[in-house]
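Peer 1: What follows is query.pdb, made up of PDB, C-alpha atoms, pLDDT in the B column:
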```
ATOM      1  CA  MET A  62     -67.523 -45.483 144.615  1.00 51.00           C
ATOM      2  CA  ILE A  63     -66.683 -49.116 144.000  1.00 52.00           C
ATOM      3  CA  LYS A  64     -69.663 -51.282 143.089  1.00 55.00           C
ATOM      4  CA  ASP A  65     -69.977 -54.887 144.202  1.00 55.00           C
ATOM      5  CA  SER A  66     -69.069 -57.184 141.403  1.00 55.00           C
ATOM      6  CA  VAL A  67     -70.725 -60.511 140.746  1.00 54.00           C
ATOM      7  CA  ILE A  68     -68.670 -63.304 139.258  1.00 55.00           C
ATOM      8  CA  PRO A  69     -70.789 -65.091 136.669  1.00 56.00           C
ATOM      9  CA  GLY A  70     -71.622 -68.724 137.585  1.00 55.00           C
ATOM     10  CA  ARG A  71     -70.655 -68.474 141.284  1.00 56.00           C
ATOM     11  CA  SER A  72     -74.258 -68.671 142.547  1.00 55.00           C
ATOM     12  CA  ARG A  73     -74.857 -71.669 140.343  1.00 58.00           C
ATOM     13  CA  GLN A  74     -71.771 -73.389 141.785  1.00 61.00           C
ATOM     14  CA  HIS A  75     -72.945 -72.749 145.359  1.00 59.00           C
ATOM     15  CA  GLY A  76     -76.321 -74.286 144.580  1.00 66.00           C
ATOM     16  CA  GLN A  77     -74.706 -77.312 142.973  1.00 70.00           C
ATOM     17  CA  SER A  78     -72.452 -77.869 146.004  1.00 73.00           C
ATOM     18  CA  PHE A  79     -75.447 -77.707 148.325  1.00 64.00           C
ATOM     19  CA  VAL A  80     -77.345 -80.320 146.297  1.00 70.00           C
ATOM     20  CA  GLU A  81     -74.299 -82.595 146.243  1.00 69.00           C
ATOM     21  CA  LEU A  82     -73.895 -82.205 150.004  1.00 68.00           C
ATOM     22  CA  MET A  83     -77.532 -83.125 150.589  1.00 72.00           C
ATOM     23  CA  LEU A  84     -77.186 -86.237 148.411  1.00 73.00           C
ATOM     24  CA  VAL A  85     -74.083 -87.359 150.328  1.00 75.00           C
ATOM     25  CA  VAL A  86     -75.755 -86.718 153.691  1.00 75.00           C
ATOM     26  CA  LEU A  87     -78.843 -88.660 152.592  1.00 74.00           C
ATOM     27  CA  ILE A  88     -76.759 -91.648 151.494  1.00 77.00           C
ATOM     28  CA  LEU A  89     -74.752 -91.581 154.728  1.00 80.00           C
ATOM     29  CA  ALA A  90     -77.960 -91.366 156.787  1.00 75.00           C
ATOM     30  CA  LEU A  91     -79.382 -94.398 154.992  1.00 76.00           C
ATOM     31  CA  MET A  92     -76.140 -96.329 155.558  1.00 82.00           C
ATOM     32  CA  VAL A  93     -76.080 -95.479 159.262  1.00 82.00           C
ATOM     33  CA  SER A  94     -79.766 -96.401 159.600  1.00 81.00           C
ATOM     34  CA  GLY A  95     -79.094 -99.717 157.888  1.00 82.00           C
ATOM     35  CA  VAL A  96     -76.190-100.463 160.228  1.00 86.00           C
ATOM     36  CA  VAL A  97     -78.343 -99.644 163.275  1.00 89.00           C
ATOM     37  CA  GLU A  98     -81.228-101.826 162.074  1.00 90.00           C
ATOM     38  CA  PHE A  99     -78.886-104.688 161.223  1.00 91.00           C
ATOM     39  CA  GLY A 100     -77.275-104.381 164.646  1.00 93.00           C
ATOM     40  CA  TYR A 101     -80.628-104.800 166.373  1.00 94.00           C
ATOM     41  CA  LEU A 102     -81.484-107.725 164.080  1.00 95.00           C
ATOM     42  CA  LEU A 103     -78.148-109.453 164.756  1.00 96.00           C
ATOM     43  CA  ASN A 104     -78.556-108.993 168.501  1.00 96.00           C
ATOM     44  CA  SER A 105     -82.058-110.521 168.343  1.00 97.00           C
ATOM     45  CA  TYR A 106     -80.771-113.434 166.249  1.00 97.00           C
ATOM     46  CA  LEU A 107     -78.029-114.184 168.767  1.00 97.00           C
ATOM     47  CA  LYS A 108     -80.494-114.034 171.672  1.00 97.00           C
ATOM     48  CA  VAL A 109     -82.853-116.486 169.945  1.00 98.00           C
ATOM     49  CA  LEU A 110     -79.933-118.753 169.022  1.00 98.00           C
ATOM     50  CA  ASP A 111     -78.738-118.727 172.634  1.00 98.00           C
ATOM     51  CA  GLY A 112     -82.273-119.676 173.640  1.00 98.00           C
ATOM     52  CA  THR A 113     -82.268-122.835 171.526  1.00 98.00           C
ATOM     53  CA  ARG A 114     -78.791-123.764 172.754  1.00 97.00           C
ATOM     54  CA  GLU A 115     -79.565-123.292 176.416  1.00 97.00           C
ATOM     55  CA  GLY A 116     -82.920-125.036 176.059  1.00 97.00           C
ATOM     56  CA  ALA A 117     -81.131-128.050 174.578  1.00 96.00           C
ATOM     57  CA  ARG A 118     -78.412-128.004 177.263  1.00 96.00           C
ATOM     58  CA  TYR A 119     -80.986-127.656 180.029  1.00 95.00           C
ATOM     59  CA  SER A 120     -82.798-130.826 178.933  1.00 94.00           C
ATOM     60  CA  ASN A 121     -79.694-132.743 177.936  1.00 90.00           C
ATOM     61  CA  MET A 122     -79.947-135.166 180.862  1.00 86.00           C
ATOM     62  CA  ASP A 123     -83.721-135.111 181.223  1.00 92.00           C
ATOM     63  CA  VAL A 124     -86.081-137.891 180.081  1.00 93.00           C
ATOM     64  CA  ALA A 125     -88.288-137.377 177.026  1.00 93.00           C
ATOM     65  CA  PHE A 126     -90.216-140.651 177.236  1.00 91.00           C
ATOM     66  CA  VAL A 127     -90.786-143.470 179.723  1.00 90.00           C
ATOM     67  CA  TYR A 128     -92.165-146.990 179.643  1.00 87.00           C
ATOM     68  CA  ASP A 129     -95.738-147.255 180.884  1.00 87.00           C
ATOM     69  CA  ASP A 130     -96.880-150.811 181.692  1.00 85.00           C
ATOM     70  CA  THR A 131    -100.520-149.806 182.252  1.00 86.00           C
ATOM     71  CA  PRO A 132    -102.874-152.347 180.598  1.00 83.00           C
ATOM     72  CA  PRO A 133    -104.172-152.904 178.011  1.00 84.00           C
ATOM     73  CA  THR A 134    -101.413-151.330 175.874  1.00 81.00           C
ATOM     74  CA  PRO A 135     -98.060-151.182 177.678  1.00 84.00           C
ATOM     75  CA  GLY A 136     -95.402-149.215 175.821  1.00 86.00           C
ATOM     76  CA  TYR A 137     -93.332-146.069 175.704  1.00 88.00           C
ATOM     77  CA  VAL A 138     -95.086-142.709 176.180  1.00 90.00           C
ATOM     78  CA  SER A 139     -93.816-139.155 175.884  1.00 92.00           C
ATOM     79  CA  VAL A 140     -93.195-136.998 178.932  1.00 94.00           C
ATOM     80  CA  GLN A 141     -94.990-133.689 178.320  1.00 95.00           C
ATOM     81  CA  SER A 142     -93.008-131.836 180.984  1.00 96.00           C
ATOM     82  CA  PHE A 143     -89.760-132.502 179.091  1.00 96.00           C
ATOM     83  CA  TYR A 144     -90.903-130.449 176.103  1.00 97.00           C
ATOM     84  CA  VAL A 145     -92.623-127.771 178.178  1.00 97.00           C
ATOM     85  CA  ASN A 146     -89.558-127.228 180.375  1.00 97.00           C
ATOM     86  CA  THR A 147     -87.246-127.124 177.354  1.00 98.00           C
ATOM     87  CA  ALA A 148     -89.387-124.443 175.688  1.00 98.00           C
ATOM     88  CA  ILE A 149     -89.627-122.409 178.903  1.00 98.00           C
ATOM     89  CA  GLN A 150     -85.872-122.480 179.422  1.00 98.00           C
ATOM     90  CA  ALA A 151     -85.335-121.361 175.822  1.00 98.00           C
ATOM     91  CA  MET A 152     -87.745-118.435 176.277  1.00 98.00           C
ATOM     92  CA  ARG A 153     -86.102-117.415 179.547  1.00 97.00           C
ATOM     93  CA  VAL A 154     -82.730-117.107 177.846  1.00 97.00           C
ATOM     94  CA  MET A 155     -84.264-115.163 174.928  1.00 97.00           C
ATOM     95  CA  SER A 156     -85.631-112.511 177.322  1.00 95.00           C
ATOM     96  CA  PRO A 157     -86.222-109.569 176.908  1.00 95.00           C
ATOM     97  CA  ILE A 158     -87.428-110.916 173.561  1.00 96.00           C
ATOM     98  CA  VAL A 159     -90.985-112.225 174.020  1.00 97.00           C
ATOM     99  CA  LEU A 160     -92.239-114.587 171.324  1.00 98.00           C
ATOM    100  CA  ASN A 161     -95.539-113.734 169.659  1.00 98.00           C
ATOM    101  CA  GLY A 162     -97.351-116.714 168.161  1.00 98.00           C
ATOM    102  CA  ASN A 163     -99.921-114.495 166.458  1.00 98.00           C
ATOM    103  CA  ARG A 164     -97.032-112.990 164.481  1.00 97.00           C
ATOM    104  CA  GLY A 165     -95.697-116.410 163.463  1.00 97.00           C
ATOM    105  CA  ASP A 166     -93.221-117.134 166.274  1.00 98.00           C
ATOM    106  CA  ASP A 167     -92.912-120.654 167.663  1.00 98.00           C
ATOM    107  CA  ILE A 168     -90.609-123.193 169.294  1.00 98.00           C
ATOM    108  CA  VAL A 169     -90.412-126.707 167.851  1.00 98.00           C
ATOM    109  CA  ILE A 170     -88.796-129.562 169.786  1.00 98.00           C
ATOM    110  CA  SER A 171     -88.021-133.035 168.453  1.00 97.00           C
ATOM    111  CA  VAL A 172     -86.335-136.037 170.063  1.00 96.00           C
ATOM    112  CA  PHE A 173     -84.876-138.807 167.910  1.00 95.00           C
ATOM    113  CA  THR A 174     -83.983-142.384 168.729  1.00 93.00           C
ATOM    114  CA  ILE A 175     -81.542-143.582 166.073  1.00 92.00           C
ATOM    115  CA  SER A 176     -80.260-147.099 165.582  1.00 87.00           C
ATOM    116  CA  GLY A 177     -78.651-147.891 162.242  1.00 81.00           C
ATOM    117  CA  SER A 178     -81.214-147.161 159.523  1.00 83.00           C
ATOM    118  CA  SER A 179     -84.044-147.014 162.066  1.00 88.00           C
ATOM    119  CA  ILE A 180     -85.167-143.647 163.427  1.00 91.00           C
ATOM    120  CA  VAL A 181     -88.101-142.692 165.661  1.00 92.00           C
ATOM    121  CA  ARG A 182     -89.206-139.108 166.262  1.00 94.00           C
ATOM    122  CA  TRP A 183     -90.675-138.149 169.622  1.00 94.00           C
ATOM    123  CA  PRO A 184     -93.177-137.240 170.848  1.00 94.00           C
ATOM    124  CA  LEU A 185     -95.134-139.899 169.015  1.00 88.00           C
ATOM    125  CA  GLY A 186     -97.991-138.444 167.006  1.00 85.00           C
ATOM    126  CA  TYR A 187     -96.067-135.254 166.198  1.00 88.00           C
ATOM    127  CA  ALA A 188     -94.676-135.995 162.748  1.00 87.00           C
ATOM    128  CA  PHE A 189     -93.041-132.566 162.587  1.00 93.00           C
ATOM    129  CA  GLY A 190     -92.084-132.071 166.226  1.00 95.00           C
ATOM    130  CA  TRP A 191     -93.704-130.803 169.427  1.00 97.00           C
ATOM    131  CA  ASN A 192     -94.559-127.121 169.064  1.00 97.00           C
ATOM    132  CA  LEU A 193     -95.346-124.390 171.564  1.00 98.00           C
ATOM    133  CA  CYS A 194     -98.380-123.138 169.630  1.00 97.00           C
ATOM    134  CA  ASP A 195    -100.279-126.421 170.016  1.00 97.00           C
ATOM    135  CA  ASN A 196     -99.332-126.589 173.706  1.00 97.00           C
ATOM    136  CA  ARG A 197     -99.818-122.924 174.642  1.00 97.00           C
ATOM    137  CA  LEU A 198    -102.670-123.811 177.024  1.00 96.00           C
ATOM    138  CA  ASP A 199    -100.441-125.944 179.235  1.00 97.00           C
ATOM    139  CA  PRO A 200    -100.758-124.512 182.782  1.00 97.00           C
ATOM    140  CA  VAL A 201     -96.987-124.529 183.283  1.00 97.00           C
ATOM    141  CA  VAL A 202     -96.466-122.500 180.114  1.00 97.00           C
ATOM    142  CA  GLN A 203     -99.184-120.012 181.058  1.00 97.00           C
ATOM    143  CA  SER A 204     -97.700-119.562 184.517  1.00 97.00           C
ATOM    144  CA  GLU A 205     -94.557-118.017 182.982  1.00 97.00           C
ATOM    145  CA  THR A 206     -96.212-114.612 182.538  1.00 95.00           C
ATOM    146  CA  ASN A 207     -92.927-112.722 182.370  1.00 95.00           C
ATOM    147  CA  ILE A 208     -91.806-114.580 179.239  1.00 97.00           C
ATOM    148  CA  PHE A 209     -95.084-115.887 177.819  1.00 97.00           C
ATOM    149  CA  GLN A 210     -98.109-113.688 177.124  1.00 96.00           C
ATOM    150  CA  ILE A 211    -101.099-115.876 176.277  1.00 96.00           C
ATOM    151  CA  ALA A 212    -102.841-113.000 174.462  1.00 96.00           C
ATOM    152  CA  ASN A 213    -100.062-113.137 171.871  1.00 97.00           C
ATOM    153  CA  TRP A 214    -100.907-116.752 171.012  1.00 98.00           C
ATOM    154  CA  ASN A 215    -104.682-116.718 170.469  1.00 96.00           C
ATOM    155  CA  THR A 216    -104.459-117.075 166.691  1.00 97.00           C
ATOM    156  CA  CYS A 217    -101.078-118.789 166.298  1.00 97.00           C
ATOM    157  CA  THR A 218    -100.422-121.314 163.533  1.00 97.00           C
ATOM    158  CA  PRO A 219     -98.157-124.258 164.492  1.00 96.00           C
ATOM    159  CA  LYS A 220     -94.752-124.355 162.830  1.00 97.00           C
ATOM    160  CA  ARG A 221     -93.222-127.523 161.446  1.00 96.00           C
ATOM    161  CA  SER A 222     -89.687-128.749 161.915  1.00 97.00           C
ATOM    162  CA  HIS A 223     -87.293-127.796 159.131  1.00 95.00           C
ATOM    163  CA  PHE A 224     -85.620-131.186 159.475  1.00 96.00           C
ATOM    164  CA  THR A 225     -86.951-134.450 158.148  1.00 94.00           C
ATOM    165  CA  ASP A 226     -86.010-137.733 159.809  1.00 93.00           C
ATOM    166  CA  ALA A 227     -83.707-138.485 156.878  1.00 92.00           C
ATOM    167  CA  GLN A 228     -81.865-135.166 157.298  1.00 93.00           C
ATOM    168  CA  ILE A 229     -81.249-135.837 160.985  1.00 93.00           C
ATOM    169  CA  GLN A 230     -80.007-139.312 160.154  1.00 89.00           C
ATOM    170  CA  ALA A 231     -77.659-137.837 157.544  1.00 88.00           C
ATOM    171  CA  LEU A 232     -76.038-135.688 160.250  1.00 86.00           C
ATOM    172  CA  MET A 233     -75.002-138.816 162.130  1.00 84.00           C
ATOM    173  CA  ASP A 234     -71.815-140.738 161.482  1.00 79.00           C
ATOM    174  CA  ALA A 235     -72.730-144.018 159.797  1.00 75.00           C
ATOM    175  CA  SER A 236     -70.330-145.878 162.091  1.00 76.00           C
ATOM    176  CA  ALA A 237     -71.696-144.253 165.258  1.00 76.00           C
ATOM    177  CA  PRO A 238     -73.470-146.456 167.807  1.00 83.00           C
ATOM    178  CA  ALA A 239     -77.183-146.157 168.523  1.00 85.00           C
ATOM    179  CA  SER A 240     -77.891-142.603 169.625  1.00 89.00           C
ATOM    180  CA  GLY A 241     -80.434-140.190 171.024  1.00 93.00           C
ATOM    181  CA  VAL A 242     -80.692-136.664 169.608  1.00 94.00           C
ATOM    182  CA  LEU A 243     -82.481-133.520 170.779  1.00 96.00           C
ATOM    183  CA  LEU A 244     -83.416-130.828 168.237  1.00 97.00           C
ATOM    184  CA  VAL A 245     -84.659-127.398 169.373  1.00 98.00           C
ATOM    185  CA  GLU A 246     -85.833-124.941 166.692  1.00 98.00           C
ATOM    186  CA  ALA A 247     -87.025-121.361 167.131  1.00 98.00           C
ATOM    187  CA  TYR A 248     -89.030-119.205 164.752  1.00 98.00           C
ATOM    188  CA  TYR A 249     -88.975-115.483 165.492  1.00 98.00           C
ATOM    189  CA  ASN A 250     -90.240-112.542 163.461  1.00 98.00           C
ATOM    190  CA  TYR A 251     -88.105-109.499 164.204  1.00 96.00           C
ATOM    191  CA  PRO A 252     -90.107-106.244 164.060  1.00 94.00           C
ATOM    192  CA  GLN A 253     -87.983-103.499 162.545  1.00 92.00           C
ATOM    193  CA  ILE A 254     -87.058-100.776 165.035  1.00 90.00           C
ATOM    194  CA  LEU A 255     -86.636 -97.802 162.697  1.00 88.00           C
ATOM    195  CA  LYS A 256     -89.357 -98.827 160.233  1.00 86.00           C
ATOM    196  CA  LEU A 257     -88.004 -96.585 157.487  1.00 82.00           C
ATOM    197  CA  PRO A 258     -90.264 -96.621 154.401  1.00 81.00           C
ATOM    198  CA  VAL A 259     -87.253 -97.010 152.118  1.00 75.00           C
ATOM    199  CA  PHE A 260     -86.336-100.314 153.811  1.00 77.00           C
ATOM    200  CA  ALA A 261     -89.922-101.554 153.655  1.00 75.00           C
ATOM    201  CA  GLN A 262     -89.660-101.596 149.859  1.00 78.00           C
ATOM    202  CA  VAL A 263     -86.986-104.301 149.875  1.00 84.00           C
ATOM    203  CA  ILE A 264     -86.969-105.848 153.364  1.00 87.00           C
ATOM    204  CA  PRO A 265     -90.014-107.502 154.990  1.00 90.00           C
ATOM    205  CA  ASP A 266     -91.297-106.210 158.306  1.00 91.00           C
ATOM    206  CA  PRO A 267     -91.174-108.251 160.471  1.00 94.00           C
ATOM    207  CA  ILE A 268     -88.019-110.039 159.331  1.00 95.00           C
ATOM    208  CA  PRO A 269     -88.203-113.863 159.707  1.00 96.00           C
ATOM    209  CA  VAL A 270     -85.477-115.342 161.914  1.00 97.00           C
ATOM    210  CA  TYR A 271     -84.859-119.088 162.267  1.00 98.00           C
ATOM    211  CA  THR A 272     -82.346-120.786 164.561  1.00 98.00           C
ATOM    212  CA  TYR A 273     -81.788-124.344 165.746  1.00 97.00           C
ATOM    213  CA  SER A 274     -79.555-126.418 168.000  1.00 97.00           C
ATOM    214  CA  VAL A 275     -78.841-130.148 167.879  1.00 95.00           C
ATOM    215  CA  MET A 276     -77.489-131.994 170.907  1.00 94.00           C
ATOM    216  CA  PRO A 277     -77.006-135.634 171.974  1.00 92.00           C
ATOM    217  CA  LEU A 278     -79.655-136.886 174.397  1.00 94.00           C
ATOM    218  CA  THR A 279     -78.454-139.857 176.393  1.00 90.00           C
ATOM    219  CA  SER A 280     -81.887-140.785 177.735  1.00 90.00           C
ATOM    220  CA  ALA A 281     -83.224-141.183 174.179  1.00 91.00           C
ATOM    221  CA  GLU A 282     -80.692-143.809 173.146  1.00 88.00           C
ATOM    222  CA  PRO A 283     -82.318-147.066 172.024  1.00 82.00           C
ATOM    223  CA  THR A 284     -82.892-149.631 174.775  1.00 68.00           C
ATOM    224  CA  PRO A 285     -84.365-153.131 174.751  1.00 53.00           C
ATOM    225  CA  THR A 286     -88.155-153.094 175.022  1.00 49.00           C
ATOM    226  CA  PRO A 287     -89.028-153.762 178.673  1.00 45.00           C
ATOM    227  CA  ILE A 288     -91.055-156.827 179.500  1.00 40.00           C
ATOM    228  CA  PRO A 289     -94.396-155.864 181.127  1.00 38.00           C
TER
END
```
Show me the file's structure as structure tokens.
Peer 2:
Amino acid sequence: MIKDSVIPGRSRQHGQSFVELMLVVLILALMVSGVVEFGYLLNSYLKVLDGTREGARYSNMDVAFVYDDTPPTPGYVSVQSFYVNTAIQAMRVMSPIVLNGNRGDDIVISVFTISGSSIVRWPLGYAFGWNLCDNRLDPVVQSETNIFQIANWNTCTPKRSHFTDAQIQALMDASAPASGVLLVEAYYNYPQILKLPVFAQVIPDPIPVYTYSVMPLTSAEPTPTPIP
């Protein structure tokens, strides 16, 4: 009768191969998970970027401020609907992404009137731009229930524009004539989809996303001060 023979070390080799296979599979799984998460993040970034672009295009020919000759202080005043409509259009294009102010999301809109070394940021009184958080109670904003959920903005903190007046001026050609400029900025905090603990050690959740678009605004070009 022939007895089964055991080759010394073979069992140990099988165990080693299994461990190596598991390590390779684990690394590949982490790589695939990272690619999937990054894909979702990139898609969200592009949607938010498209929102700022389309918001700026939508309001390109609109009027951000008008001259009010009402006594006793005639002068230029901001048009609230300009900023509200720009923000709404941006959010519509971002859909199905819905901004959450309580999480730190916001839209900041600034209009600049530039003439030589002189620059004025509109709306007046907003040194760092009009923001959606401060204007979340506007009836027109609240009416957009499919893209704006007021419950998500109860504890929001207003964001400030990333651009100073000097930085906007630096973007302009020194030889360019007097100009009007529209700046739309979006702050979005992307909540991770997979939420793998290993990623949480090195990547924040949510992941901050910032986009902006700059566009000429003809109606904001400097004009002579009207006579009351």
Peer 1: Pull out every residue that the PyMOL selection byres ((chain A and resi 197) around 10) matches in the shown coordinates and put them as a PyMOL selection string.
Peer 2: chain A and resi 145+162+192-196+198-203+209-211+214-215+217
Peer 1: Using the chain letters and residue numbers of this document, give as a list of chain:residue names the residues selected by the PyMOL selection byres ((chain A and resi 246) around 6).
Peer 2: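 So the PyMOL selection byres ((chain A and resi 246) around 6), applied here, picks out A:Ile168, A:Val169, A:Val245, A:Ala247, A:Thr272, A:Tyr273.
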Peer 1: Keeping C-alpha atoms for every residue in the selection just given, could you write it to a file as a CSV table (one decimal), in the frame of the given file?
Peer 2:
```csv
chain,number,residue,atom,x,y,z
A,168,ILE,CA,-90.6,-123.2,169.3
A,169,VAL,CA,-90.4,-126.7,167.9
A,245,VAL,CA,-84.7,-127.4,169.4
A,247,ALA,CA,-87.0,-121.4,167.1
A,272,THR,CA,-82.3,-120.8,164.6
A,273,TYR,CA,-81.8,-124.3,165.7
```
Peer 1: Could you spell out the hits of the PyMOL selection byres ((chain A and resi 114-119) around 6) on the shown file, as a list in words?
Peer 2: Asp111, Gly112, Thr113, Ser120, Asn121, Thr147, Gln150, Ala151 and Ser274 of chain A
Peer 1: Counting only C-alpha atoms, what is within 8 Å of stretch 96-109 of chain A, bar same-chain residues fewer than 2 positions away, as a ChimeraX atom specification?
Peer 2: /A:92-94,111-113,154-156,158,247,249,251,253-255,270,272
Peer 1: Calculated over all atoms listed in the file, which of the candidates A:Tyr137, A:Tyr248, A:Phe173, A:Tyr271 has the smallest distance to A:Lys220?
Peer 2: A:Tyr248
Peer 1: For the atom pair atom CA of A:Arg164 and atom CA of A:Gly186, what is the interatomic distance in Å to one decimal place?
Peer 2: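 Spanning atom CA of A:Arg164 to atom CA of A:Gly186 is a straight-line distance of 25.6 Å.
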Peer 1: Between atom CA of A:Gly190 and atom CA of A:Ile170, what is the distance, to one decimal in Å?
Peer 2: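 If I compute the distance from atom CA of A:Gly190 to atom CA of A:Ile170, I get 5.5 Å.
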Peer 1: How many Å separate atom CA of A:Ser222 from atom CA of A:Thr174?
Peer 2: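 We find that atom CA of A:Ser222 and atom CA of A:Thr174 lie 16.3 Å from each other.
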